[in-house]
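Here is the file input_19.cif (mmCIF, N, CA and C atoms).
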```cif
data_my_file
loop_
_atom_site.label_atom_id
_atom_site.label_comp_id
_atom_site.auth_asym_id
_atom_site.auth_seq_id
_atom_site.Cartn_x
_atom_site.Cartn_y
_atom_site.Cartn_z
N MET T 1 -6.88 50.31 61.04
CA MET T 1 -8.25 50.67 61.38
C MET T 1 -8.40 50.67 62.89
N ASP T 2 -9.15 51.63 63.40
CA ASP T 2 -9.42 51.76 64.81
C ASP T 2 -10.19 50.54 65.31
N GLU T 3 -9.73 49.92 66.38
CA GLU T 3 -10.37 48.72 66.89
C GLU T 3 -11.71 49.00 67.55
N ASP T 4 -12.02 50.27 67.84
CA ASP T 4 -13.27 50.62 68.51
C ASP T 4 -14.39 50.97 67.53
N VAL T 5 -14.20 50.73 66.24
CA VAL T 5 -15.22 51.10 65.26
C VAL T 5 -16.52 50.36 65.51
N PHE T 6 -16.47 49.06 65.74
CA PHE T 6 -17.66 48.27 65.98
C PHE T 6 -17.74 47.95 67.47
N THR T 7 -18.65 48.63 68.15
CA THR T 7 -18.80 48.46 69.59
C THR T 7 -20.25 48.14 69.92
N ALA T 8 -20.49 47.76 71.15
CA ALA T 8 -21.86 47.49 71.59
C ALA T 8 -22.68 48.76 71.53
N PRO T 9 -23.91 48.68 71.06
CA PRO T 9 -24.75 49.88 70.97
C PRO T 9 -25.15 50.39 72.33
N GLU T 10 -25.30 51.70 72.43
CA GLU T 10 -25.76 52.32 73.67
C GLU T 10 -27.25 52.62 73.60
N ASP T 11 -27.85 52.49 72.42
CA ASP T 11 -29.26 52.78 72.22
C ASP T 11 -30.12 51.63 72.71
N PRO T 12 -31.42 51.86 72.90
CA PRO T 12 -32.32 50.78 73.32
C PRO T 12 -32.32 49.62 72.33
N ALA T 13 -32.69 48.45 72.80
CA ALA T 13 -32.66 47.24 71.98
C ALA T 13 -33.50 47.36 70.72
N ASP T 14 -34.60 48.11 70.74
CA ASP T 14 -35.45 48.22 69.56
C ASP T 14 -34.77 48.95 68.41
N ASP T 15 -33.68 49.62 68.67
CA ASP T 15 -32.95 50.32 67.61
C ASP T 15 -31.88 49.44 66.97
N TRP T 16 -31.68 48.24 67.49
CA TRP T 16 -30.61 47.36 67.00
C TRP T 16 -31.14 45.95 66.85
N VAL T 17 -30.55 45.22 65.95
CA VAL T 17 -30.87 43.81 65.77
C VAL T 17 -29.57 43.04 65.77
N ASP T 18 -29.52 41.93 66.48
CA ASP T 18 -28.31 41.15 66.63
C ASP T 18 -28.51 39.79 65.96
N VAL T 19 -27.85 39.59 64.83
CA VAL T 19 -27.99 38.33 64.10
C VAL T 19 -26.59 37.77 63.85
N ARG T 20 -26.43 36.48 64.08
CA ARG T 20 -25.13 35.84 63.86
C ARG T 20 -25.31 34.59 63.02
N MET T 21 -24.26 34.27 62.27
CA MET T 21 -24.26 33.00 61.56
C MET T 21 -24.14 31.88 62.58
N THR T 22 -24.79 30.76 62.31
CA THR T 22 -24.61 29.62 63.21
C THR T 22 -23.42 28.78 62.79
N ASP T 23 -23.07 28.83 61.51
CA ASP T 23 -21.92 28.08 61.02
C ASP T 23 -21.25 28.84 59.88
N PRO T 24 -20.36 29.80 60.20
CA PRO T 24 -19.72 30.60 59.15
C PRO T 24 -19.02 29.77 58.07
N ASP T 25 -18.47 28.64 58.45
CA ASP T 25 -17.77 27.80 57.46
C ASP T 25 -18.72 27.18 56.45
N ALA T 26 -20.01 27.13 56.76
CA ALA T 26 -21.00 26.54 55.85
C ALA T 26 -21.43 27.53 54.77
N GLY T 27 -20.98 28.77 54.88
CA GLY T 27 -21.34 29.77 53.87
C GLY T 27 -22.80 30.13 53.90
N GLU T 28 -23.37 30.26 55.09
CA GLU T 28 -24.79 30.58 55.23
C GLU T 28 -25.13 31.93 54.63
N TRP T 29 -24.22 32.86 54.72
CA TRP T 29 -24.45 34.21 54.25
C TRP T 29 -23.36 34.61 53.28
N ASP T 30 -23.64 35.59 52.45
CA ASP T 30 -22.65 36.25 51.63
C ASP T 30 -22.81 37.73 51.93
N LEU T 31 -21.84 38.30 52.59
CA LEU T 31 -21.96 39.67 53.08
C LEU T 31 -20.89 40.55 52.45
N ASP T 32 -21.32 41.65 51.88
CA ASP T 32 -20.41 42.68 51.37
C ASP T 32 -20.75 43.97 52.09
N LEU T 33 -19.73 44.72 52.46
CA LEU T 33 -20.00 46.02 53.04
C LEU T 33 -18.91 47.00 52.67
N VAL T 34 -19.27 48.26 52.73
CA VAL T 34 -18.33 49.33 52.43
C VAL T 34 -18.18 50.16 53.69
N VAL T 35 -16.94 50.34 54.12
CA VAL T 35 -16.63 51.17 55.28
C VAL T 35 -15.88 52.39 54.77
N ALA T 36 -16.39 53.58 55.10
CA ALA T 36 -15.74 54.82 54.71
C ALA T 36 -15.58 55.70 55.94
N ASP T 37 -14.38 56.15 56.17
CA ASP T 37 -14.09 56.98 57.34
C ASP T 37 -14.57 56.34 58.64
N GLY T 38 -14.40 55.04 58.76
CA GLY T 38 -14.77 54.32 59.98
C GLY T 38 -16.25 54.10 60.17
N THR T 39 -17.06 54.34 59.14
CA THR T 39 -18.50 54.16 59.23
C THR T 39 -18.97 53.21 58.14
N VAL T 40 -19.84 52.27 58.51
CA VAL T 40 -20.42 51.37 57.51
C VAL T 40 -21.38 52.19 56.67
N GLU T 41 -21.09 52.29 55.38
CA GLU T 41 -21.90 53.10 54.47
C GLU T 41 -22.86 52.27 53.63
N PHE T 42 -22.56 50.99 53.44
CA PHE T 42 -23.38 50.15 52.58
C PHE T 42 -23.25 48.71 53.04
N VAL T 43 -24.38 48.00 53.10
CA VAL T 43 -24.36 46.58 53.45
C VAL T 43 -25.21 45.83 52.44
N ASP T 44 -24.66 44.76 51.90
CA ASP T 44 -25.38 43.87 50.99
C ASP T 44 -25.31 42.48 51.60
N LEU T 45 -26.42 41.99 52.10
CA LEU T 45 -26.47 40.70 52.76
C LEU T 45 -27.33 39.76 51.94
N ARG T 46 -26.74 38.66 51.51
CA ARG T 46 -27.47 37.62 50.81
C ARG T 46 -27.45 36.37 51.69
N ILE T 47 -28.61 35.72 51.78
CA ILE T 47 -28.72 34.53 52.62
C ILE T 47 -29.39 33.43 51.80
N LYS T 48 -28.98 32.20 52.07
CA LYS T 48 -29.58 31.07 51.35
C LYS T 48 -31.08 31.04 51.60
N PRO T 49 -31.88 30.87 50.54
CA PRO T 49 -33.35 30.86 50.71
C PRO T 49 -33.83 29.85 51.75
N SER T 50 -33.17 28.72 51.86
CA SER T 50 -33.61 27.72 52.83
C SER T 50 -33.43 28.19 54.27
N LEU T 51 -32.62 29.20 54.49
CA LEU T 51 -32.37 29.71 55.83
C LEU T 51 -33.12 31.02 56.11
N LEU T 52 -33.86 31.50 55.13
CA LEU T 52 -34.47 32.81 55.25
C LEU T 52 -35.48 32.90 56.41
N ALA T 53 -36.33 31.91 56.59
CA ALA T 53 -37.33 31.97 57.66
C ALA T 53 -36.65 32.07 59.03
N GLY T 54 -35.62 31.28 59.25
CA GLY T 54 -34.88 31.35 60.51
C GLY T 54 -34.20 32.69 60.71
N PHE T 55 -33.71 33.26 59.61
CA PHE T 55 -33.06 34.56 59.67
C PHE T 55 -34.07 35.64 60.08
N ILE T 56 -35.25 35.61 59.46
CA ILE T 56 -36.30 36.58 59.80
C ILE T 56 -36.73 36.39 61.25
N ASP T 57 -36.89 35.15 61.69
CA ASP T 57 -37.24 34.88 63.09
C ASP T 57 -36.23 35.52 64.03
N CYS T 58 -34.95 35.37 63.71
CA CYS T 58 -33.88 35.92 64.53
C CYS T 58 -33.95 37.45 64.55
N LEU T 59 -34.21 38.05 63.40
CA LEU T 59 -34.31 39.50 63.32
C LEU T 59 -35.42 40.04 64.21
N VAL T 60 -36.62 39.51 64.07
CA VAL T 60 -37.76 40.07 64.79
C VAL T 60 -37.79 39.65 66.26
N ASP T 61 -37.02 38.63 66.62
CA ASP T 61 -36.95 38.20 68.02
C ASP T 61 -36.28 39.26 68.89
N ASP T 62 -35.46 40.12 68.28
CA ASP T 62 -34.71 41.12 69.03
C ASP T 62 -35.48 42.42 69.24
N VAL T 63 -36.68 42.53 68.71
CA VAL T 63 -37.44 43.77 68.86
C VAL T 63 -38.80 43.47 69.50
N ALA T 64 -39.45 44.52 69.96
CA ALA T 64 -40.78 44.36 70.56
C ALA T 64 -41.76 43.82 69.53
N ASP T 65 -42.81 43.16 70.00
CA ASP T 65 -43.81 42.55 69.11
C ASP T 65 -44.40 43.57 68.13
N GLU T 66 -44.71 44.76 68.62
CA GLU T 66 -45.30 45.78 67.75
C GLU T 66 -44.32 46.17 66.64
N ARG T 67 -43.04 46.31 66.98
CA ARG T 67 -42.03 46.66 65.97
C ARG T 67 -41.85 45.52 64.98
N ALA T 68 -41.87 44.29 65.46
CA ALA T 68 -41.75 43.13 64.57
C ALA T 68 -42.91 43.11 63.58
N SER T 69 -44.12 43.40 64.04
CA SER T 69 -45.28 43.45 63.15
C SER T 69 -45.12 44.53 62.09
N GLU T 70 -44.61 45.69 62.50
CA GLU T 70 -44.38 46.78 61.55
C GLU T 70 -43.38 46.37 60.48
N ILE T 71 -42.30 45.72 60.89
CA ILE T 71 -41.25 45.29 59.96
C ILE T 71 -41.82 44.30 58.94
N LEU T 72 -42.55 43.30 59.43
CA LEU T 72 -43.10 42.27 58.54
C LEU T 72 -44.17 42.85 57.62
N ALA T 73 -45.00 43.75 58.14
CA ALA T 73 -46.03 44.37 57.30
C ALA T 73 -45.39 45.22 56.20
N ARG T 74 -44.35 45.94 56.55
CA ARG T 74 -43.66 46.76 55.54
C ARG T 74 -43.03 45.88 54.47
N ALA T 75 -42.41 44.79 54.89
CA ALA T 75 -41.80 43.88 53.92
C ALA T 75 -42.86 43.29 52.99
N ALA T 76 -44.02 42.95 53.54
CA ALA T 76 -45.11 42.41 52.72
C ALA T 76 -45.57 43.45 51.70
N ARG T 77 -45.78 44.69 52.16
CA ARG T 77 -46.23 45.75 51.25
C ARG T 77 -45.20 46.00 50.15
N MET T 78 -43.93 45.93 50.47
CA MET T 78 -42.87 46.15 49.47
C MET T 78 -42.91 45.08 48.39
N GLN T 79 -43.48 43.92 48.71
CA GLN T 79 -43.61 42.83 47.74
C GLN T 79 -44.99 42.82 47.08
N GLY T 80 -45.77 43.87 47.33
CA GLY T 80 -47.10 43.97 46.72
C GLY T 80 -48.15 43.12 47.41
N LEU T 81 -47.89 42.70 48.63
CA LEU T 81 -48.84 41.88 49.37
C LEU T 81 -49.57 42.73 50.39
N ASP T 82 -50.80 42.37 50.68
CA ASP T 82 -51.55 43.02 51.73
C ASP T 82 -51.30 42.24 53.01
N PRO T 83 -50.69 42.88 54.03
CA PRO T 83 -50.39 42.15 55.26
C PRO T 83 -51.62 41.49 55.89
N ALA T 84 -52.80 42.06 55.68
CA ALA T 84 -54.03 41.47 56.23
C ALA T 84 -54.37 40.13 55.59
N ASP T 85 -53.85 39.88 54.38
CA ASP T 85 -54.13 38.63 53.68
C ASP T 85 -53.17 37.50 54.06
N ILE T 86 -52.14 37.82 54.81
CA ILE T 86 -51.14 36.82 55.16
C ILE T 86 -51.65 36.01 56.36
N VAL T 87 -51.66 34.70 56.21
CA VAL T 87 -52.18 33.81 57.23
C VAL T 87 -51.03 33.30 58.08
N SER T 88 -51.20 33.37 59.39
CA SER T 88 -50.21 32.86 60.34
C SER T 88 -50.27 31.34 60.38
N GLU T 89 -49.09 30.72 60.57
CA GLU T 89 -49.05 29.25 60.67
C GLU T 89 -49.30 28.78 62.08
N GLU T 90 -49.42 29.71 63.02
CA GLU T 90 -49.64 29.33 64.42
C GLU T 90 -51.07 29.07 64.71
#
```

Output the file's structure as structure tokens, nothing else.
Amino acid sequence: MDEDVFTAPEDPADDWVDVRMTDPDAGEWDLDLVVADGTVEFVDLRIKPSLLAGFIDCLVDDVADERASEILARAARMQGLDPADIVSEE
């Protein structure tokens, strides 16, 4: 396999999210992916429920506030929730 397949993105930060395991040996994530012709075609990421809030925090920390709000609102709607009904803990 070509060693240059996974490289640093050249696009603006809002187009990419950088998330890393803090302890890979602890099995924090279960990740499956399919690579075809040097391109990631499918990603299945499972994370322990107890780590989910920290994972989401890490995801939205890498994008602008407006984009983070869009991501969270979309996720809420996909679960049948009205984003306006969600109360912030801050």

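Here the PyMOL selection byres (((chain T and resi 29 and name CA) around 7) and name CA) catches exactly these residues: Gly27, Glu28, Asp30, Leu31, Leu45, Arg46, Ile47 and Lys48 of chain T.
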
Legend entry - Chain and number of each residue from the PyMOL selection byres (((chain T and resi 83 and name CA) around 10) and name CA), as a PyMOL selection string: chain T and resi 69-70+72-77+80-82+84-87

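Atom CA of T:Asp32 is positioned 17.6 Å from atom CA of T:Leu52.
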
Inset, instruction - Once DSSP has gone over the backbone, tell me which residues of stretch 24-84 of chain T are in strand (DSSP E), as a count of residues only. - result: 17

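Between atom CA of T:Arg67 and atom C of T:Leu51 the separation is 20.5 Å.
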
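Put simply, atom CA of T:Asp62 is 25.6 Å away from atom CA of T:Gly38.
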
Inset, instruction - Could you tell me, as number ranges by chain, which residues of stretch 21-78 of chain T DSSP assigns to helix (DSSP H, G or I) when given the backbone? - result: T: 24-26, 49-61, 65-78
